[in-house]
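Undergrad: Before we start, here is the structure in question, set down as C-alpha cells.
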There are 2 protein chains.
Amino acid sequence: MKRDYFIALEHLGNNSSLALNEVIEQLAFNEHGLIPVITQDAETKTMLMFAWMNKEALQKTLATKSMTYWSRSRQQLWVKGETSGHVQRMISMSFDCDGDAILCQVNQQGAPCHTGRESCFYLNVEADYQQVIVNEDHV
Amino acid sequence: MKRDYFIALEHLGNNSSLALNEVIEQLAFNEHGLIPVITQDAETKTMLMFAWMNKEALQKTLATKSMTYWSRSRQQLWVKGETSGHVQRMISMSFDCDGDAILCQVNQQGAPCHTGRESCFYLNVEADYQQVIVNEDHV
C-alpha cells in the first residue's frame with residue numbers, strides 16, 4: 001500500500017513543512033472513505049481507543065479540537081462525549097509514513113470506553129495460558 | 001459495528017477469564033480477513049506503527065512472540081525485522097471492547113519505521129498554521 005506521494009516525503013529533513021490540505025487529500029481513505037484513528041492520552045500515553053474518521057470528521061476535529069469520529073454502526077458523525085460528556089480535546093495529530101493511519105493525542109474527560117473503563121483495550125491475552133483476562137489495569 | 005459476543009463481555013468483572021481461541025474466533029476480521037494492529041513501545045509507550053494482521057499472522061505472533069503482520073502491498077506474512085533486523089518482541093497483547101482492534105506492546109530493536117525513524121507517526125499536523133511538519137521527536 002505504498003503511495004508515491006508519501007514515498008516522496010521520506011527523505012525530507014526534519015522541520016520541512018507541507019500544506020495541510022495537500023497532505024489530507026493524499027491520505028489513504030479506504031473504499032468506504034474512512035481512515036483508522038488511534039487515540040492516546042497525551043499525558044499518560046495510555047492507548048485509549050481505536051476508531052475511524054472520514055474526511056469530514058477529520059476536518060471537524062481539526063477545526064474544533066474536539067475529537068470527532070465516523071460511527072460505522074450509526075453511519076453518522078460522532079462527536080466523542082457529545083452525550084456522555086466524556087469529551088476528548090485534541091492536543092496533537094500525526095499521520096504515519098504511508099498516510100494510512102492517524103494518531104491523536106488527547107486530554108480525556110471521564111472514561112474513553114463506553115463500558116466506563118479507562119481504556120477500550122481491556123481484554124488482555126495471556127498467550128502462555130491460552131486465555132484472555134478482563135482487566136483494564138495493564139495498558 | 002457492535003457485536004453480540006463482545007457486548008456480552010462488557011459486564012464481566014475484573015480478572016474474569018475466557019478461552020483465547022474462542023475470543024480470536026469472534027474478532028472482527030474485515031472483508032479481507034484483516035484486523036488493525038497498533039504497536040506501542042512497552043517501555044516508553046511511544047506509538048511505533050500501525051499495521052494489519054490476518055488470523056495466521058495473529059497466531060504466529062502469539063506462538064513466536066515475534067511481531068508478524070500481513071503485508072497488504074506484498075500480500076504475504078511479514079515477520080517484522082526479518083530482513084532489517086529491526087524485530088519487535090511482543091510483551092503484551094490486548095483486544096478492544098468491540099473486538100475490532102489489537103494493541104501490542106513490544107520491545108523494539110532498531111527503528112520501527114522503514115525510513116529509519118523512531119516512530120512511523122512523524123508527519124505532525126499544526127492545525128492553526130494549516131501545515132504538516134516532518135519531525136519524529138514529538139510522539
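For the C-alpha cells, the naming scheme is as follows: chains receive sequential letters (A, B, ...) according to their order of presentation, residues are indexed from 1 within each chain, and ligands are indexed from 1 in presentation order.
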Using only C-alpha atoms, what does the table of chain B residues within 8 Å of chain A look like, with each row giving the shortest atom pair and its distance in Å to one decimal, sorted by chain and ascending number, as a tab-separated table?

TA:
```
residue	atom	partner	partner_atom	distance
B:Met1	CA	A:Ser73	CA	4.7
B:Lys2	CA	A:Ser73	CA	7.0
B:Glu10	CA	A:Thr115	CA	6.4
B:Leu12	CA	A:Val134	CA	7.2
B:Gly13	CA	A:Val134	CA	7.0
B:Asn14	CA	A:Asn135	CA	5.1
B:Asn15	CA	A:Val134	CA	5.1
B:Ser16	CA	A:Val134	CA	5.4
B:Ser17	CA	A:Ile133	CA	4.6
B:Leu18	CA	A:Val132	CA	5.0
B:Ala19	CA	A:Gln131	CA	4.6
B:Leu20	CA	A:Gln131	CA	4.2
B:Asn21	CA	A:Gln130	CA	7.2
B:Val23	CA	A:Val132	CA	7.6
B:Ile38	CA	A:Ile38	CA	7.7
B:Lys45	CA	A:Lys45	CA	5.8
B:Thr46	CA	A:Lys45	CA	7.3
B:Met49	CA	A:Asp96	CA	7.5
B:Phe50	CA	A:Ala101	CA	6.8
B:Leu62	CA	A:Ala127	CA	6.1
B:Ala63	CA	A:Ala127	CA	7.8
B:Arg72	CA	A:Met1	CA	6.2
B:Ser73	CA	A:Met1	CA	4.7
B:Ser92	CA	A:Val125	CA	7.1
B:Met93	CA	A:Val125	CA	5.5
B:Ser94	CA	A:Asn124	CA	4.3
B:Phe95	CA	A:Leu123	CA	5.0
B:Asp96	CA	A:Phe121	CA	4.0
B:Cys97	CA	A:Cys120	CA	5.2
B:Ala101	CA	A:Phe50	CA	6.8
B:Ile102	CA	A:Phe121	CA	7.8
B:Leu103	CA	A:Phe121	CA	7.0
B:Cys113	CA	A:Cys97	CA	7.7
B:Thr115	CA	A:Glu10	CA	6.4
B:Cys120	CA	A:Asp96	CA	4.9
B:Phe121	CA	A:Asp96	CA	4.0
B:Tyr122	CA	A:Asp96	CA	6.2
B:Leu123	CA	A:Phe95	CA	5.0
B:Asn124	CA	A:Ser94	CA	4.3
B:Val125	CA	A:Met93	CA	5.5
B:Glu126	CA	A:Met93	CA	7.9
B:Ala127	CA	A:Leu62	CA	6.1
B:Gln130	CA	A:Leu20	CA	5.0
B:Gln131	CA	A:Leu20	CA	4.3
B:Val132	CA	A:Leu18	CA	5.0
B:Ile133	CA	A:Ser17	CA	4.6
B:Val134	CA	A:Asn15	CA	5.1
B:Asn135	CA	A:Asn14	CA	5.0
B:Glu136	CA	A:Asn14	CA	7.8
```

Undergrad: Write the residues of the selection above to a file with C-alpha atoms, as a PDB file, in the first residue's frame.

TA:
```
ATOM      1  CA  MET B   1     -20.185  -2.485  14.493  1.00  0.00           C
ATOM      2  CA  LYS B   2     -21.140  -3.701  17.962  1.00  0.00           C
ATOM      3  CA  GLU B  10     -18.928  -5.880  28.950  1.00  0.00           C
ATOM      4  CA  LEU B  12     -17.655  -9.303  33.295  1.00  0.00           C
ATOM      5  CA  GLY B  13     -15.731  -8.376  36.414  1.00  0.00           C
ATOM      6  CA  ASN B  14     -12.009  -7.799  36.528  1.00  0.00           C
ATOM      7  CA  ASN B  15      -9.919 -10.956  36.245  1.00  0.00           C
ATOM      8  CA  SER B  16     -12.645 -12.959  34.541  1.00  0.00           C
ATOM      9  CA  SER B  17     -11.052 -15.350  32.095  1.00  0.00           C
ATOM     10  CA  LEU B  18     -12.018 -16.516  28.608  1.00  0.00           C
ATOM     11  CA  ALA B  19     -10.558 -19.104  26.257  1.00  0.00           C
ATOM     12  CA  LEU B  20      -8.156 -17.381  23.854  1.00  0.00           C
ATOM     13  CA  ASN B  21      -9.216 -19.384  20.808  1.00  0.00           C
ATOM     14  CA  VAL B  23     -12.159 -14.831  21.561  1.00  0.00           C
ATOM     15  CA  ILE B  38      -1.479  -0.778  16.929  1.00  0.00           C
ATOM     16  CA  LYS B  45       4.674   3.996  25.457  1.00  0.00           C
ATOM     17  CA  THR B  46       5.607   5.657  22.153  1.00  0.00           C
ATOM     18  CA  MET B  49       3.392   1.905  13.922  1.00  0.00           C
ATOM     19  CA  PHE B  50       0.023   0.800  12.618  1.00  0.00           C
ATOM     20  CA  LEU B  62       1.276 -15.453  19.725  1.00  0.00           C
ATOM     21  CA  ALA B  63       3.310 -18.605  19.134  1.00  0.00           C
ATOM     22  CA  ARG B  72      -1.095  -5.680   2.106  1.00  0.00           C
ATOM     23  CA  SER B  73       1.384  -4.472  -0.530  1.00  0.00           C
ATOM     24  CA  SER B  92       1.671  -7.900  25.741  1.00  0.00           C
ATOM     25  CA  MET B  93      -1.390  -8.096  23.514  1.00  0.00           C
ATOM     26  CA  SER B  94      -4.900  -6.755  24.152  1.00  0.00           C
ATOM     27  CA  PHE B  95      -8.172  -6.661  22.241  1.00  0.00           C
ATOM     28  CA  ASP B  96     -10.531  -3.708  22.451  1.00  0.00           C
ATOM     29  CA  CYS B  97     -14.102  -3.606  23.749  1.00  0.00           C
ATOM     30  CA  ALA B 101      -8.568  -3.748  17.007  1.00  0.00           C
ATOM     31  CA  ILE B 102      -5.462  -5.236  18.618  1.00  0.00           C
ATOM     32  CA  LEU B 103      -2.938  -3.372  20.759  1.00  0.00           C
ATOM     33  CA  CYS B 113       9.806   2.731  10.669  1.00  0.00           C
ATOM     34  CA  THR B 115      12.536   5.301   6.968  1.00  0.00           C
ATOM     35  CA  CYS B 120       6.054   5.920  11.806  1.00  0.00           C
ATOM     36  CA  PHE B 121       3.953   8.868  13.015  1.00  0.00           C
ATOM     37  CA  TYR B 122       6.381  11.610  12.043  1.00  0.00           C
ATOM     38  CA  LEU B 123       4.084  13.822   9.940  1.00  0.00           C
ATOM     39  CA  ASN B 124       2.778  16.262  12.519  1.00  0.00           C
ATOM     40  CA  VAL B 125      -0.223  18.454  11.958  1.00  0.00           C
ATOM     41  CA  GLU B 126      -0.064  22.078  13.021  1.00  0.00           C
ATOM     42  CA  ALA B 127      -3.737  22.824  12.646  1.00  0.00           C
ATOM     43  CA  GLN B 130      -2.614  24.686   8.214  1.00  0.00           C
ATOM     44  CA  GLN B 131       0.609  22.802   7.786  1.00  0.00           C
ATOM     45  CA  VAL B 132       2.277  19.463   8.404  1.00  0.00           C
ATOM     46  CA  ILE B 133       5.789  19.378   9.857  1.00  0.00           C
ATOM     47  CA  VAL B 134       8.205  16.472   9.359  1.00  0.00           C
ATOM     48  CA  ASN B 135       9.527  15.588  12.804  1.00  0.00           C
ATOM     49  CA  GLU B 136       9.752  12.379  14.751  1.00  0.00           C
TER      50      GLU B 136
END
```

Undergrad: What lies within 9 Å of Gln108 (chain B) using only C-alpha atoms, ignoring chain neighbours under 3 positions off, as a list in words?

TA: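 The residues satisfying every condition are Asp41, Ala42, Leu48, His86, Val87, Gln88, Arg89, Met90, Ala111 and Pro112 of chain B.
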
Undergrad: Please return, as a ChimeraX atom specification, all residues of chain B that DSSP assigns to alpha helix (DSSP H) on the basis of the backbone.

TA: /B:4-9,20-26,55-64

Undergrad: List every residue of chain B that DSSP, applied to the backbone of this structure, places in strand (DSSP E or B), and write the result as a PyMOL selection string.

TA: chain B and resi 17-19+35-41+47-53+66+68-71+76-79+88-95+102-108+123-126+131-134

Undergrad: Those residues with N, CA and C atoms, as a CSV table (one decimal), in the first residue's frame please?

TA:
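File produced: again-v3.csv:
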```
chain,number,residue,atom,x,y,z
B,17,SER,N,-11.9,-14.8,33.1
B,17,SER,CA,-11.1,-15.3,32.1
B,17,SER,C,-11.9,-16.0,31.0
B,18,LEU,N,-11.4,-15.9,29.8
B,18,LEU,CA,-12.0,-16.5,28.6
B,18,LEU,C,-11.0,-17.3,27.8
B,19,ALA,N,-11.5,-18.3,27.1
B,19,ALA,CA,-10.6,-19.1,26.3
B,19,ALA,C,-10.1,-18.3,25.1
B,35,ILE,N,-7.4,-7.5,10.5
B,35,ILE,CA,-7.8,-6.7,11.7
B,35,ILE,C,-6.6,-5.7,12.0
B,36,PRO,N,-7.0,-4.4,12.4
B,36,PRO,CA,-6.0,-3.4,12.6
B,36,PRO,C,-5.1,-3.7,13.9
B,37,VAL,N,-3.9,-3.4,13.8
B,37,VAL,CA,-2.9,-3.6,14.9
B,37,VAL,C,-2.2,-2.4,15.2
B,38,ILE,N,-2.2,-2.0,16.4
B,38,ILE,CA,-1.5,-0.8,16.9
B,38,ILE,C,-0.3,-1.3,17.7
B,39,THR,N,0.9,-0.8,17.4
B,39,THR,CA,2.1,-1.3,18.1
B,39,THR,C,2.7,-0.1,18.8
B,40,GLN,N,2.9,-0.4,20.1
B,40,GLN,CA,3.4,0.6,21.1
B,40,GLN,C,4.7,0.1,21.8
B,41,ASP,N,5.6,1.0,22.0
B,41,ASP,CA,6.8,0.6,22.8
B,41,ASP,C,6.4,0.3,24.2
B,47,MET,N,3.9,5.4,20.4
B,47,MET,CA,3.2,4.7,19.3
B,47,MET,C,4.2,4.5,18.2
B,48,LEU,N,4.5,3.3,17.9
B,48,LEU,CA,5.5,3.0,16.9
B,48,LEU,C,5.0,2.9,15.5
B,49,MET,N,3.9,2.1,15.3
B,49,MET,CA,3.4,1.9,13.9
B,49,MET,C,2.0,1.4,14.0
B,50,PHE,N,1.4,1.4,12.8
B,50,PHE,CA,0.0,0.8,12.6
B,50,PHE,C,0.1,-0.2,11.5
B,51,ALA,N,-0.5,-1.4,11.6
B,51,ALA,CA,-0.4,-2.4,10.5
B,51,ALA,C,-1.6,-3.3,10.7
B,52,TRP,N,-1.6,-4.4,9.9
B,52,TRP,CA,-2.7,-5.3,9.9
B,52,TRP,C,-2.3,-6.7,10.1
B,53,MET,N,-3.1,-7.6,10.7
B,53,MET,CA,-2.9,-9.0,10.8
B,53,MET,C,-4.0,-9.8,10.2
B,66,SER,N,7.2,-13.0,18.2
B,66,SER,CA,7.9,-12.1,17.2
B,66,SER,C,6.8,-11.5,16.3
B,68,THR,N,4.3,-10.4,13.8
B,68,THR,CA,4.2,-10.8,12.5
B,68,THR,C,2.9,-10.2,11.9
B,69,TYR,N,3.0,-9.5,10.9
B,69,TYR,CA,1.8,-8.8,10.3
B,69,TYR,C,1.5,-9.4,8.9
B,70,TRP,N,0.4,-8.9,8.3
B,70,TRP,CA,0.1,-9.2,7.0
B,70,TRP,C,0.4,-8.0,6.1
B,71,SER,N,1.3,-8.2,5.1
B,71,SER,CA,1.7,-7.1,4.3
B,71,SER,C,0.7,-7.0,3.1
B,76,GLN,N,1.5,-11.0,1.7
B,76,GLN,CA,2.1,-12.2,2.4
B,76,GLN,C,2.4,-11.9,3.8
B,77,LEU,N,2.6,-12.9,4.6
B,77,LEU,CA,3.0,-12.7,6.0
B,77,LEU,C,4.3,-11.9,6.1
B,78,TRP,N,4.4,-11.1,7.1
B,78,TRP,CA,5.6,-10.2,7.2
B,78,TRP,C,6.1,-10.2,8.6
B,79,VAL,N,7.1,-11.0,8.8
B,79,VAL,CA,7.8,-11.0,10.2
B,79,VAL,C,8.6,-9.8,10.3
B,88,GLN,N,10.5,-6.9,16.5
B,88,GLN,CA,9.7,-6.5,17.7
B,88,GLN,C,9.3,-7.7,18.5
B,89,ARG,N,9.8,-7.7,19.7
B,89,ARG,CA,9.4,-8.8,20.6
B,89,ARG,C,8.1,-8.4,21.3
B,90,MET,N,7.1,-9.3,21.2
B,90,MET,CA,5.8,-9.0,21.8
B,90,MET,C,5.9,-9.1,23.3
B,91,ILE,N,5.5,-8.1,24.0
B,91,ILE,CA,5.5,-8.1,25.5
B,91,ILE,C,4.0,-8.4,26.0
B,92,SER,N,3.1,-7.7,25.4
B,92,SER,CA,1.7,-7.9,25.7
B,92,SER,C,0.8,-7.7,24.5
B,93,MET,N,-0.4,-8.3,24.6
B,93,MET,CA,-1.4,-8.1,23.5
B,93,MET,C,-2.8,-7.9,24.2
B,94,SER,N,-3.5,-7.0,23.6
B,94,SER,CA,-4.9,-6.8,24.2
B,94,SER,C,-5.9,-6.5,23.0
B,95,PHE,N,-7.1,-6.9,23.2
B,95,PHE,CA,-8.2,-6.7,22.2
B,95,PHE,C,-9.1,-5.6,22.8
B,102,ILE,N,-6.4,-4.6,17.7
B,102,ILE,CA,-5.5,-5.2,18.6
B,102,ILE,C,-4.4,-4.2,19.0
B,103,LEU,N,-4.1,-4.2,20.3
B,103,LEU,CA,-2.9,-3.4,20.8
B,103,LEU,C,-1.8,-4.3,21.2
B,104,CYS,N,-0.6,-4.1,20.7
B,104,CYS,CA,0.5,-4.9,21.1
B,104,CYS,C,1.6,-3.9,21.7
B,105,GLN,N,2.1,-4.3,22.8
B,105,GLN,CA,3.2,-3.6,23.4
B,105,GLN,C,4.5,-4.5,23.1
B,106,VAL,N,5.5,-3.8,22.7
B,106,VAL,CA,6.7,-4.6,22.2
B,106,VAL,C,8.0,-4.0,22.7
B,107,ASN,N,9.0,-4.8,22.7
B,107,ASN,CA,10.4,-4.3,22.7
B,107,ASN,C,10.9,-4.2,21.3
B,108,GLN,N,11.3,-3.0,20.9
B,108,GLN,CA,11.7,-2.7,19.5
B,108,GLN,C,13.2,-2.8,19.4
B,123,LEU,N,4.7,12.7,10.7
B,123,LEU,CA,4.1,13.8,9.9
B,123,LEU,C,3.1,14.5,10.8
B,124,ASN,N,3.5,15.6,11.4
B,124,ASN,CA,2.8,16.3,12.5
B,124,ASN,C,2.0,17.4,12.1
B,125,VAL,N,0.7,17.4,12.4
B,125,VAL,CA,-0.2,18.5,12.0
B,125,VAL,C,-0.1,19.7,12.9
B,126,GLU,N,0.1,20.8,12.3
B,126,GLU,CA,-0.1,22.1,13.0
B,126,GLU,C,-1.3,22.7,12.5
B,131,GLN,N,-0.5,23.5,8.4
B,131,GLN,CA,0.6,22.8,7.8
B,131,GLN,C,0.9,21.5,8.5
B,132,VAL,N,1.8,20.7,7.9
B,132,VAL,CA,2.3,19.5,8.4
B,132,VAL,C,3.8,19.6,8.5
B,133,ILE,N,4.4,19.3,9.6
B,133,ILE,CA,5.8,19.4,9.9
B,133,ILE,C,6.4,18.0,10.0
B,134,VAL,N,7.5,17.7,9.3
B,134,VAL,CA,8.2,16.5,9.4
B,134,VAL,C,9.1,16.5,10.6
```

Undergrad: Just how far from CA of Glu31 (chain B) is CA of Lys55 (chain A), in Å to one decimal?

TA: 22.0 Å
